[in-house]
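Novice: target.txt is the file, holding compact mmCIF, C-alpha atoms:
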# COMPACT_ATOMS: atom_id res chain seq x y z
CA MET A 68 0.00 0.00 0.00
CA ALA A 69 2.81 2.36 0.85
CA PRO A 70 3.85 3.10 -2.75
CA THR A 71 0.34 4.30 -3.70
CA LYS A 72 -0.42 6.02 -0.37
CA ALA A 73 2.76 8.05 -0.02
CA PRO A 74 2.16 10.36 -3.01
CA ASP A 75 -1.43 11.05 -1.84
CA SER A 76 -0.25 11.88 1.65
CA SER A 77 2.50 14.04 0.23
CA ARG A 78 0.01 15.86 -2.02
CA ARG A 79 -2.31 16.41 0.94
CA SER A 80 0.60 17.72 2.94
CA ASP A 81 1.59 20.10 0.11
CA ARG A 82 -1.99 21.34 -0.08
CA SER A 83 -2.08 21.99 3.66
CA ARG A 84 1.24 23.83 3.60
CA ARG A 85 0.09 26.01 0.75
CA ALA A 86 -3.20 26.76 2.55
CA ILE A 87 -1.27 27.68 5.71
CA HIS A 88 1.11 29.92 3.77
CA ASP A 89 -1.78 31.68 2.04
CA ALA A 90 -3.67 32.14 5.30
CA ALA A 91 -0.58 33.54 7.03
CA LEU A 92 0.09 36.04 4.22
CA ALA A 93 -3.55 37.11 4.05
CA LEU A 94 -3.73 37.67 7.81
CA VAL A 95 -0.47 39.60 8.08
CA THR A 96 -1.68 41.82 5.24
CA GLU A 97 -5.08 42.41 6.81
CA VAL A 98 -4.33 42.81 10.51
CA GLY A 99 -0.55 43.23 10.70
CA TYR A 100 2.12 40.98 12.13
CA ARG A 101 1.33 41.38 15.82
CA ARG A 102 -2.34 40.54 15.55
CA THR A 103 -1.69 37.49 13.36
CA THR A 104 -1.83 34.34 15.51
CA ILE A 105 -1.21 30.63 14.97
CA GLU A 106 -4.88 30.10 15.92
CA GLY A 107 -6.01 32.60 13.32
CA ILE A 108 -3.83 31.05 10.62
CA ALA A 109 -5.11 27.55 11.47
CA ALA A 110 -8.75 28.65 11.39
CA ARG A 111 -8.35 30.42 8.06
CA ALA A 112 -6.39 27.55 6.49
CA GLY A 113 -8.95 25.01 7.73
CA VAL A 114 -6.35 22.94 9.59
CA GLY A 115 -5.80 22.13 13.26
CA LYS A 116 -3.40 24.23 15.32
CA GLN A 117 -1.36 21.08 15.92
CA THR A 118 -0.69 20.72 12.19
CA ILE A 119 1.01 24.09 12.23
CA TYR A 120 2.96 23.40 15.42
CA ARG A 121 4.13 20.08 13.94
CA TRP A 122 5.82 21.89 11.05
CA TRP A 123 6.83 25.27 12.50
CA PRO A 124 8.14 26.39 15.89
CA SER A 125 6.65 29.89 15.76
CA LYS A 126 4.48 32.38 13.94
CA ALA A 127 7.61 34.07 12.62
CA ALA A 128 8.79 30.77 11.12
CA VAL A 129 5.46 30.19 9.33
CA LEU A 130 5.56 33.68 7.88
CA MET A 131 9.16 33.42 6.81
CA ASP A 132 8.38 30.19 4.90
CA ALA A 133 5.18 31.62 3.50
CA PHE A 134 7.14 34.57 2.27
CA LEU A 135 9.90 32.49 0.67
CA ASP A 136 7.21 30.38 -1.02
CA LEU A 137 5.41 33.48 -2.32
CA ALA A 138 8.62 35.08 -3.59
CA GLY A 139 9.53 31.80 -5.30
CA ARG A 140 6.13 31.53 -6.98
CA SER A 141 6.28 35.16 -8.06
CA ALA A 142 9.73 34.60 -9.57
CA GLU A 143 8.47 31.48 -11.37
CA GLU A 144 5.54 33.38 -12.87
CA ALA A 145 7.83 36.19 -13.98
CA GLY A 146 10.15 33.52 -15.39
CA SER A 147 7.40 32.07 -17.55
CA GLY A 148 7.01 35.37 -19.39
CA GLU A 149 9.01 36.54 -22.40
CA ASP A 150 11.79 38.14 -20.44
CA ALA A 151 12.63 36.53 -17.15
CA PRO A 152 14.57 39.00 -15.02
CA SER A 153 13.16 37.79 -11.67
CA ASP A 154 14.03 34.23 -12.50
CA GLU A 155 17.57 35.23 -13.36
CA ALA A 156 17.79 37.25 -10.16
CA ALA A 157 16.73 34.22 -8.13
CA GLN A 158 19.46 32.12 -9.72
CA GLY A 159 22.20 34.71 -9.38
CA ILE A 160 23.12 37.95 -11.03
CA PRO A 161 24.06 37.35 -14.68
CA ASP A 162 27.63 37.96 -15.74
CA THR A 163 27.64 38.96 -19.39
CA GLY A 164 30.84 40.94 -18.89
CA ASP A 165 28.85 44.21 -18.92
CA LEU A 166 28.54 45.15 -15.23
CA VAL A 167 26.25 48.13 -15.79
CA ALA A 168 23.85 46.16 -18.00
CA ASP A 169 23.81 43.19 -15.60
CA LEU A 170 23.08 45.36 -12.57
CA LYS A 171 20.37 47.30 -14.40
CA LEU A 172 18.65 44.04 -15.30
CA VAL A 173 18.64 42.89 -11.69
CA LEU A 174 17.71 46.25 -10.18
CA ARG A 175 14.83 46.63 -12.64
CA ALA A 176 13.61 43.17 -11.60
CA THR A 177 13.85 44.26 -7.96
CA VAL A 178 11.78 47.35 -8.77
CA ASP A 179 9.15 45.10 -10.38
CA GLU A 180 9.08 42.83 -7.33
CA LEU A 181 8.78 45.73 -4.91
CA ASN A 182 5.95 47.19 -6.99
CA ASP A 183 4.14 43.83 -7.26
CA PRO A 184 0.85 44.32 -5.36
CA VAL A 185 0.75 40.65 -4.29
CA LEU A 186 4.14 40.91 -2.60
CA GLU A 187 3.86 44.47 -1.35
CA ALA A 188 1.53 44.24 1.65
CA PRO A 189 3.09 41.17 3.32
CA THR A 190 6.62 42.48 2.64
CA ARG A 191 5.75 45.80 4.23
CA ALA A 192 4.10 44.11 7.24
CA LEU A 193 7.09 41.86 7.85
CA THR A 194 9.66 44.62 7.29
CA ALA A 195 7.82 47.05 9.57
CA GLU A 196 7.71 44.50 12.36
CA GLY A 197 11.39 43.70 11.90
CA ILE A 198 12.19 47.39 12.31
CA VAL A 199 10.74 47.48 15.83
CA ASP A 200 11.39 43.82 16.79
CA ALA A 201 15.16 43.25 16.62
CA LYS A 202 14.91 39.46 16.90
CA LEU A 203 12.42 39.10 14.07
CA GLY A 204 14.39 41.63 12.04
CA ALA A 205 17.57 39.58 12.43
CA GLU A 206 15.76 36.43 11.26
CA PHE A 207 14.33 38.30 8.29
CA VAL A 208 17.78 39.54 7.31
CA HIS A 209 19.46 36.17 7.84
CA LYS A 210 16.92 34.08 5.92
CA LEU A 211 15.58 36.43 3.26
CA LEU A 212 17.94 39.34 2.71
CA ASP A 213 21.49 38.01 3.21
CA PRO A 214 21.20 35.30 0.51
CA GLN A 215 20.22 38.02 -1.99
CA LEU A 216 23.01 40.34 -0.90
CA ALA A 217 25.50 37.48 -1.33
CA LEU A 218 24.64 37.42 -5.05
CA TYR A 219 25.77 41.04 -5.35
CA VAL A 220 29.02 40.28 -3.53
CA THR A 221 29.71 37.46 -6.01
CA ARG A 222 28.98 39.64 -9.03
CA LEU A 223 31.03 42.57 -7.72
CA ARG A 224 33.98 40.28 -6.96
CA ALA A 225 33.86 39.01 -10.54
CA ALA A 226 33.81 42.65 -11.67
CA GLN A 227 36.91 43.30 -9.59
CA GLU A 228 38.66 40.37 -11.26
CA ALA A 229 37.60 41.71 -14.65
CA GLY A 230 38.98 45.14 -13.76
CA ASP A 231 35.59 46.88 -13.82
CA VAL A 232 35.62 47.64 -10.10
CA ARG A 233 38.62 48.87 -8.11
CA ALA A 234 40.41 46.22 -6.07
CA ASP A 235 40.20 48.34 -2.89
CA VAL A 236 36.38 48.50 -2.97
CA ASP A 237 34.58 46.40 -0.34
CA PRO A 238 31.81 44.59 -2.30
CA ARG A 239 29.69 44.14 0.85
CA ILE A 240 29.59 47.92 1.28
CA ALA A 241 29.40 48.74 -2.43
CA LEU A 242 26.23 46.68 -2.89
CA GLU A 243 24.46 48.98 -0.45
CA LEU A 244 24.84 51.86 -2.91
CA LEU A 245 22.61 49.80 -5.23
CA ILE A 246 20.13 48.21 -2.82
CA GLY A 247 19.96 50.99 -0.18
CA PRO A 248 18.46 53.71 -2.41
CA LEU A 249 15.84 51.34 -3.87
CA MET A 250 14.71 50.05 -0.49
CA HIS A 251 14.76 53.54 1.02
CA ARG A 252 12.55 54.89 -1.75
CA TRP A 253 10.21 51.92 -1.53
CA LEU A 254 9.94 51.78 2.26
CA LEU A 255 9.45 55.52 2.79
CA ARG A 256 7.58 56.11 -0.49
CA THR A 257 9.53 59.32 -1.10
CA LEU A 258 9.19 59.23 -4.90
CA PRO A 259 8.06 56.67 -7.52
CA LEU A 260 10.21 53.56 -7.85
CA THR A 261 10.79 53.14 -11.58
CA HIS A 262 13.13 51.42 -14.03
CA ALA A 263 14.56 54.83 -14.95
CA TYR A 264 15.43 55.37 -11.28
CA ALA A 265 17.10 51.94 -11.04
CA ASP A 266 19.16 52.77 -14.14
CA GLU A 267 20.36 56.10 -12.73
CA ILE A 268 21.34 54.49 -9.43
CA VAL A 269 23.41 51.89 -11.29
CA ASP A 270 25.06 54.55 -13.48
CA TYR A 271 25.99 56.76 -10.52
CA ALA A 272 27.08 53.89 -8.26
CA VAL A 273 29.18 51.98 -10.78
CA GLY A 274 30.92 55.23 -11.72
CA GLY A 275 32.08 55.50 -8.11
CA LEU A 276 33.38 51.93 -8.02
CA ALA A 277 35.20 51.92 -11.36
CA PRO A 278 39.00 52.18 -11.53
CA ARG A 279 40.28 55.75 -11.43
CA PRO A 280 42.09 56.63 -14.62
CA MET B 125 -2.92 92.19 34.72
CA ALA B 126 -2.31 90.91 31.26
CA PRO B 127 1.38 91.86 31.03
CA THR B 128 2.25 89.81 34.12
CA LYS B 129 -0.15 86.97 33.42
CA ALA B 130 0.81 86.30 29.81
CA PRO B 131 4.37 85.03 30.48
CA ASP B 132 3.05 82.71 33.24
CA SER B 133 0.37 81.33 30.99
CA SER B 134 2.89 80.91 28.21
CA ARG B 135 5.29 79.07 30.53
CA ARG B 136 2.48 76.82 31.70
CA SER B 137 1.56 76.15 28.12
CA ASP B 138 5.20 75.32 27.26
CA ARG B 139 5.35 72.93 30.22
CA SER B 140 2.15 71.20 29.12
CA ARG B 141 3.37 70.85 25.56
CA ARG B 142 6.64 69.38 26.70
CA ALA B 143 4.80 66.95 29.02
CA ILE B 144 2.53 65.92 26.13
CA HIS B 145 5.49 65.42 23.79
CA ASP B 146 7.34 63.32 26.37
CA ALA B 147 4.24 61.22 27.10
CA ALA B 148 3.63 60.63 23.38
CA LEU B 149 7.23 59.54 22.76
CA ALA B 150 7.27 57.28 25.83
CA LEU B 151 4.02 55.61 24.81
CA VAL B 152 4.96 55.04 21.18
CA THR B 153 8.23 53.51 22.37
CA GLU B 154 6.53 51.24 24.89
CA VAL B 155 3.40 50.06 23.10
CA GLY B 156 3.93 51.04 19.46
CA TYR B 157 2.15 53.59 17.31
CA ARG B 158 -1.17 51.84 16.92
CA ARG B 159 -1.80 51.29 20.61
CA THR B 160 -0.82 54.85 21.51
CA THR B 161 -4.00 56.92 22.01
CA ILE B 162 -4.80 60.57 22.71
CA GLU B 163 -6.41 59.37 25.96
CA GLY B 164 -3.24 57.53 26.96
CA ILE B 165 -1.05 60.53 26.15
CA ALA B 166 -3.33 62.86 28.14
CA ALA B 167 -3.36 60.54 31.17
CA ARG B 168 0.41 60.16 31.15
CA ALA B 169 1.05 63.87 30.64
CA GLY B 170 -1.43 64.76 33.40
CA VAL B 171 -3.53 66.98 31.16
CA GLY B 172 -7.10 66.78 29.92
CA LYS B 173 -7.85 65.23 26.51
CA GLN B 174 -9.30 68.59 25.46
CA THR B 175 -5.92 70.27 25.95
CA ILE B 176 -4.45 67.93 23.36
CA TYR B 177 -7.34 68.31 20.94
CA ARG B 178 -7.07 72.10 21.25
CA TRP B 179 -3.50 72.03 19.91
CA TRP B 180 -3.40 69.00 17.59
CA PRO B 181 -5.91 67.50 15.17
CA SER B 182 -4.67 63.90 15.53
CA LYS B 183 -2.38 61.44 17.26
CA ALA B 184 -0.07 61.54 14.23
CA ALA B 185 0.20 65.33 14.53
CA VAL B 186 1.13 65.13 18.25
CA LEU B 187 3.81 62.56 17.50
CA MET B 188 5.21 64.46 14.57
CA ASP B 189 5.61 67.59 16.75
CA ALA B 190 6.98 65.54 19.64
CA PHE B 191 9.50 64.07 17.27
CA LEU B 192 10.58 67.40 15.79
CA ASP B 193 10.93 68.75 19.34
CA LEU B 194 13.04 65.75 20.41
CA ALA B 195 15.27 65.94 17.34
CA GLY B 196 15.71 69.66 17.93
CA ARG B 197 16.67 69.13 21.57
CA SER B 198 19.05 66.32 20.64
CA ALA B 199 20.72 68.55 18.03
CA GLU B 200 21.01 71.36 20.62
CA GLU B 201 22.68 69.04 23.12
CA ALA B 202 25.08 67.75 20.48
CA GLY B 203 25.70 71.38 19.50
CA SER B 204 26.73 72.33 23.04
CA GLY B 205 29.62 69.85 22.91
CA GLU B 206 33.09 70.55 21.52
CA ASP B 207 32.29 69.57 17.96
CA ALA B 208 28.80 70.27 16.80
CA PRO B 209 28.03 68.20 13.70
CA SER B 210 24.32 67.70 14.45
CA ASP B 211 23.86 71.40 14.97
CA GLU B 212 25.53 72.13 11.66
CA ALA B 213 23.38 69.48 9.99
CA ALA B 214 20.27 71.15 11.36
CA GLN B 215 21.31 74.50 9.87
CA GLY B 216 22.36 73.12 6.50
CA ILE B 217 25.23 71.11 5.13
CA PRO B 218 28.47 73.07 5.43
CA ASP B 219 30.20 74.20 2.26
CA THR B 220 33.92 74.43 2.93
CA GLY B 221 34.66 73.73 -0.73
CA ASP B 222 35.62 70.13 0.11
CA LEU B 223 32.56 68.09 -0.85
CA VAL B 224 33.84 64.78 0.51
CA ALA B 225 34.78 66.28 3.88
CA ASP B 226 31.46 68.14 4.17
CA LEU B 227 29.40 65.06 3.37
CA LYS B 228 31.41 62.89 5.76
CA LEU B 229 30.78 65.38 8.56
CA VAL B 230 27.03 65.29 7.95
CA LEU B 231 26.77 61.54 7.40
CA ARG B 232 28.75 60.86 10.58
CA ALA B 233 26.34 63.12 12.46
CA THR B 234 23.43 61.17 10.94
CA VAL B 235 25.04 57.93 12.12
CA ASP B 236 25.29 59.39 15.63
CA GLU B 237 21.65 60.45 15.57
CA LEU B 238 20.47 57.05 14.33
CA ASN B 239 22.52 55.34 17.04
CA ASP B 240 21.24 57.68 19.78
CA PRO B 241 19.23 55.45 22.14
CA VAL B 242 16.85 58.29 23.05
CA LEU B 243 15.88 58.86 19.43
CA GLU B 244 16.04 55.25 18.26
CA ALA B 245 12.88 53.67 19.67
CA PRO B 246 10.43 56.44 18.72
CA THR B 247 12.05 56.82 15.29
CA ARG B 248 11.70 53.10 14.65
CA ALA B 249 8.09 53.07 15.88
CA LEU B 250 7.12 55.99 13.66
CA THR B 251 9.02 54.69 10.62
CA ALA B 252 7.58 51.19 10.96
CA GLU B 253 4.05 52.53 11.08
CA GLY B 254 4.72 54.76 8.07
CA ILE B 255 5.83 51.70 6.12
CA VAL B 256 2.43 50.02 6.47
CA ASP B 257 0.29 53.18 6.72
CA ALA B 258 0.77 55.16 3.50
CA LYS B 259 -0.97 58.29 4.79
CA LEU B 260 1.14 58.52 7.94
CA GLY B 261 4.24 57.66 5.91
CA ALA B 262 3.57 60.54 3.50
CA GLU B 263 3.19 62.97 6.42
CA PHE B 264 6.41 61.69 7.96
CA VAL B 265 8.27 62.18 4.68
CA HIS B 266 6.76 65.61 4.02
CA LYS B 267 7.36 67.07 7.48
CA LEU B 268 10.49 65.31 8.71
CA LEU B 269 12.43 63.82 5.84
CA ASP B 270 11.98 66.15 2.84
CA PRO B 271 13.38 69.23 4.64
CA GLN B 272 16.55 67.23 5.39
CA LEU B 273 16.83 65.93 1.84
CA ALA B 274 16.51 69.50 0.53
CA LEU B 275 19.77 70.33 2.34
CA TYR B 276 21.56 67.68 0.27
CA VAL B 277 20.08 69.02 -2.95
CA THR B 278 21.39 72.50 -2.08
CA ARG B 279 24.88 71.23 -1.26
CA LEU B 280 25.06 69.02 -4.36
CA ARG B 281 23.93 71.91 -6.58
CA ALA B 282 26.72 74.04 -5.13
CA ALA B 283 29.11 71.18 -5.89
CA GLN B 284 27.89 71.16 -9.48
CA GLU B 285 28.58 74.89 -9.76
CA ALA B 286 32.04 74.32 -8.27
CA GLY B 287 32.69 71.56 -10.82
CA ASP B 288 32.92 68.78 -8.21
CA VAL B 289 29.79 67.01 -9.46
CA ARG B 290 28.87 66.45 -13.12
CA ALA B 291 26.26 68.84 -14.51
CA ASP B 292 24.12 65.94 -15.79
CA VAL B 293 23.70 64.40 -12.31
CA ASP B 294 20.24 64.78 -10.73
CA PRO B 295 20.96 65.92 -7.13
CA ARG B 296 17.60 64.58 -5.88
CA ILE B 297 18.62 61.09 -7.03
CA ALA B 298 22.31 61.42 -6.12
CA LEU B 299 21.50 62.16 -2.47
CA GLU B 300 19.85 58.75 -2.20
CA LEU B 301 23.25 57.11 -2.76
CA LEU B 302 24.28 58.77 0.51
CA ILE B 303 21.13 58.52 2.62
CA GLY B 304 19.74 55.22 1.26
CA PRO B 305 22.57 52.96 2.40
CA LEU B 306 22.64 54.47 5.90
CA MET B 307 18.90 54.17 6.42
CA HIS B 308 18.83 50.67 4.93
CA ARG B 309 21.55 49.48 7.29
CA TRP B 310 19.92 51.14 10.26
CA LEU B 311 16.35 50.04 9.54
CA LEU B 312 17.18 46.41 8.73
CA ARG B 313 20.14 46.21 11.14
CA THR B 314 22.18 44.29 8.55
CA LEU B 315 25.58 45.39 9.91
CA PRO B 316 26.86 47.99 12.40
CA LEU B 317 26.30 51.62 11.45
CA THR B 318 29.65 53.34 12.05
CA HIS B 319 31.58 56.47 11.06
CA ALA B 320 33.90 54.28 8.97
CA TYR B 321 30.87 53.03 7.02
CA ALA B 322 29.62 56.59 6.47
CA ASP B 323 33.06 57.56 5.17
CA GLU B 324 33.18 54.67 2.68
CA ILE B 325 29.69 55.45 1.39
CA VAL B 326 30.73 59.07 0.77
CA ASP B 327 33.96 58.02 -0.95
CA TYR B 328 32.21 55.54 -3.28
CA ALA B 329 29.22 57.78 -3.99
CA VAL B 330 31.13 60.99 -4.67
CA GLY B 331 33.45 59.07 -7.00
CA GLY B 332 30.39 58.20 -9.09
CA LEU B 333 29.18 61.80 -9.25
CA ALA B 334 32.50 63.46 -10.02
CA PRO B 335 33.28 64.72 -13.53
CA ARG B 336 34.71 62.04 -15.82
CA PRO B 337 38.20 62.89 -16.92
Turn this file's structure into C-alpha cells for me.
Specialist:
Amino acid sequence: MAPTKAPDSSRRSDRSRRAIHDAALALVTEVGYRRTTIEGIAARAGVGKQTIYRWWPSKAAVLMDAFLDLAGRSAEEAGSGEDAPSDEAAQGIPDTGDLVADLKLVLRATVDELNDPVLEAPTRALTAEGIVDAKLGAEFVHKLLDPQLALYVTRLRAAQEAGDVRADVDPRIALELLIGPLMHRWLLRTLPLTHAYADEIVDYAVGGLAPRP
Amino acid sequence: MAPTKAPDSSRRSDRSRRAIHDAALALVTEVGYRRTTIEGIAARAGVGKQTIYRWWPSKAAVLMDAFLDLAGRSAEEAGSGEDAPSDEAAQGIPDTGDLVADLKLVLRATVDELNDPVLEAPTRALTAEGIVDAKLGAEFVHKLLDPQLALYVTRLRAAQEAGDVRADVDPRIALELLIGPLMHRWLLRTLPLTHAYADEIVDYAVGGLAPRP
C-alpha cells in the first residue's frame, strides 16, 4: 500500500502547507504581524493548530516560509514570461561581462518585485515588524535578505577580477549603494520607484566603483 | 494684569506641551504607534484630553511635533559639545569647498543620531508605522524627511557649480546614494552603522558623481 499512499499523503501535505502559507500572508496583510496568531492562521487555512505546530516552531517561522514560497512563486511566474529578469535574479546575477547592464537588469527586476501588489503588503508588514522587533528583524535579514546580498558580492567580486571595479572596494559595502536607495525609496515612499530610477542608481554607483584613470 | 499673566500662561503652556510630547514619545516607544491613544497621552502627561485636541488635530500630529521637538533638543545638546556636527546638519550642510569632507561630517552626524538610544525607539516606531500606513508615511516624509533631503540638494547643486559634481547628475537622485545605504543598514540592522561606514559610502558615492576625466 505504501507506494500508492505516499504520493497522496505528500500531495495532501503540500496542499495543507500552501493553505497555511496563504492564510498567514492574508492575515499579516489584513491585521498586521502582531495581531496574526497561529490560531487565526489555522482557522483560516482550515487545519488544526497542531498541524502548524508540527511543522513550524513559531508564527515568525510560518511567515518566513510563507514569504519564501510566495517570492519563489512570483519569480516562477515572472520567469514564464518573455523576459525573465526575476528568475535570473533568483538564480544569481548574470555575468555577461557588462557590469552596468547586468546590474540594471537585476535592479529593474527588484523594482518590479517591490511594486508587485501581491508581494507588497506582506513584505511591508514583515519589514515594519522587523524594524521594531530586533529578533524578528535579524531572522528576516538572515533568511531572506542576506542570501540576496551574497549574489551582489559574487557579481562585484567578478567585476573586480575583470577590472571593472577597483580592487580596494569592499563589495559588501558597495552593494548597499545599489540596494539601499531602492529600499529607502520603496519603504518611505519618497518618490516613484521606476526602471529609470534603477538605471540612474546603477550609473551613478558603478561610476564610483570603477577604476580611477 | 495681562502683562504679568501672559508670560506665566505661556510658561504653563510650554510645560504642558513638553509633558505631552514626552508622554507621546514614551508611549509610542513602549506600546507602538497603533496602541498609543490621545487618551493615553493625556493621562500620562497629566492633562485633559481637550488640551491635546485644542493644539493637535490627531495622534499623528502630536507625534510628529513631539518628534521634531526631540530631534531639535538632541541637536542642541550635540551642538553644546566641543564639535557640533548635528547642529551644523540642522542648519544646512556646510560648504567648505571640500565636498567629501562636508558630506562625511554630515553623514557621521546622521550615524550618531540614528545610534542615539533616546531617538532610536520612537524613530523606529514611527518609521515602521509609516511603512504600512501610506498616509502617515507621507506625512512623515513631508514634514520630517523632505526638509533634510533638501539640504543635500542645495549642497550638491553648489558642488555642481564648483565643478565637483557632473552637470548631468540629478541631485535629488544622487542624495539617495548617501542617505539610502545608511537608512537601509539602520532600519534592517544588517551590519553595524559606524563612522567608517559613512566615510566609505561618501567616498564611493562621490566618486560616481565626479566629472569624468
Novice: Which one is closest to Thr314 (chain B): A:Asp179, A:Asp169, A:Glu97, A:Glu243? Count all atoms listed in the file.
Specialist: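 When distances to Thr314 (chain B) are compared using all atoms listed in the file, the smallest one comes from A:Glu243.
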Novice: Counting only C-alpha atoms, which residue out of A:Leu244, A:Pro259, A:Ser141, A:Leu249 sits closest to Ala329 (chain B)?
Specialist: A:Leu244
Novice: So, with all atoms listed in the file as the atoms that count, which of A:Met131, A:Pro124, A:Asp237, A:Ala176 lies closest to His209 (chain A)?
Specialist: A:Met131
Novice: Identify every residue of chain A that has at least one atom within 6 Å of any atom of chain B, counting all atoms listed in the file, and report the result as number ranges by chain.
Specialist: A: 191, 195, 198-199, 243-244, 247-248, 251, 254, 271-272, 274-275
Novice: CA of Arg281 (chain B) and CA of His262 (chain A) are how many Å apart?
Specialist: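 CA of Arg281 (chain B) sits 24.3 Å away from CA of His262 (chain A).
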Novice: Between CA of Ala86 (chain A) and CA of Ala112 (chain A), what is the spacing in Å?
Specialist: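 Distance between the two atoms: 5.1 Å.
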Novice: With distances taken over only C-alpha atoms, which of A:Arg239, A:Arg140, A:Lys126, A:Arg222 is nearest to Val95 (chain A)?
Specialist: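 For Val95 (chain A), the nearest of the given residues is A:Lys126.
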Novice: Between CA of Asp136 (chain A) and CA of Leu186 (chain A), what distance in Å does the model show, to one decimal?
Specialist: 11.1 Å
Novice: How big is the axis-aligned box, and where does its centre sit, when it encloses all atoms of region 162-168 of chain B listed in the file and has 4 Å added on every side, reported in Å to one decimal as JSON?
Specialist:
{"center_x": -3.0, "center_y": 60.2, "center_z": 26.9, "size_x": 14.8, "size_y": 13.3, "size_z": 16.5}
Novice: With only C-alpha atoms counted, which protein, DNA or RNA residues have an atom no more than 12 Å from (-6.3, 32.4, 14.6) in the file frame? Please answer as a list in words.
Specialist: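 Output: Ile87, Ala90, Ala91, Ala93, Leu94, Val95, Val98, Arg101, Arg102, Thr103, Thr104, Ile105, Glu106, Gly107, Ile108, Ala109, Ala110, Arg111, Ala112, Gly113, Val114, Gly115, Lys116, Ile119 and Lys126 of chain A.
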Novice: Can you write just those residues out, C-alpha atoms, as a PDB file, in the coordinates of the input?
Specialist:
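Final output, saved to again25.pdb:
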ATOM      1  CA  ILE A  87      -1.270  27.680   5.710  1.00  0.00           C
ATOM      2  CA  ALA A  90      -3.670  32.140   5.300  1.00  0.00           C
ATOM      3  CA  ALA A  91      -0.580  33.540   7.030  1.00  0.00           C
ATOM      4  CA  ALA A  93      -3.550  37.110   4.050  1.00  0.00           C
ATOM      5  CA  LEU A  94      -3.730  37.670   7.810  1.00  0.00           C
ATOM      6  CA  VAL A  95      -0.470  39.600   8.080  1.00  0.00           C
ATOM      7  CA  VAL A  98      -4.330  42.810  10.510  1.00  0.00           C
ATOM      8  CA  ARG A 101       1.330  41.380  15.820  1.00  0.00           C
ATOM      9  CA  ARG A 102      -2.340  40.540  15.550  1.00  0.00           C
ATOM     10  CA  THR A 103      -1.690  37.490  13.360  1.00  0.00           C
ATOM     11  CA  THR A 104      -1.830  34.340  15.510  1.00  0.00           C
ATOM     12  CA  ILE A 105      -1.210  30.630  14.970  1.00  0.00           C
ATOM     13  CA  GLU A 106      -4.880  30.100  15.920  1.00  0.00           C
ATOM     14  CA  GLY A 107      -6.010  32.600  13.320  1.00  0.00           C
ATOM     15  CA  ILE A 108      -3.830  31.050  10.620  1.00  0.00           C
ATOM     16  CA  ALA A 109      -5.110  27.550  11.470  1.00  0.00           C
ATOM     17  CA  ALA A 110      -8.750  28.650  11.390  1.00  0.00           C
ATOM     18  CA  ARG A 111      -8.350  30.420   8.060  1.00  0.00           C
ATOM     19  CA  ALA A 112      -6.390  27.550   6.490  1.00  0.00           C
ATOM     20  CA  GLY A 113      -8.950  25.010   7.730  1.00  0.00           C
ATOM     21  CA  VAL A 114      -6.350  22.940   9.590  1.00  0.00           C
ATOM     22  CA  GLY A 115      -5.800  22.130  13.260  1.00  0.00           C
ATOM     23  CA  LYS A 116      -3.400  24.230  15.320  1.00  0.00           C
ATOM     24  CA  ILE A 119       1.010  24.090  12.230  1.00  0.00           C
ATOM     25  CA  LYS A 126       4.480  32.380  13.940  1.00  0.00           C
TER      26      LYS A 126
END
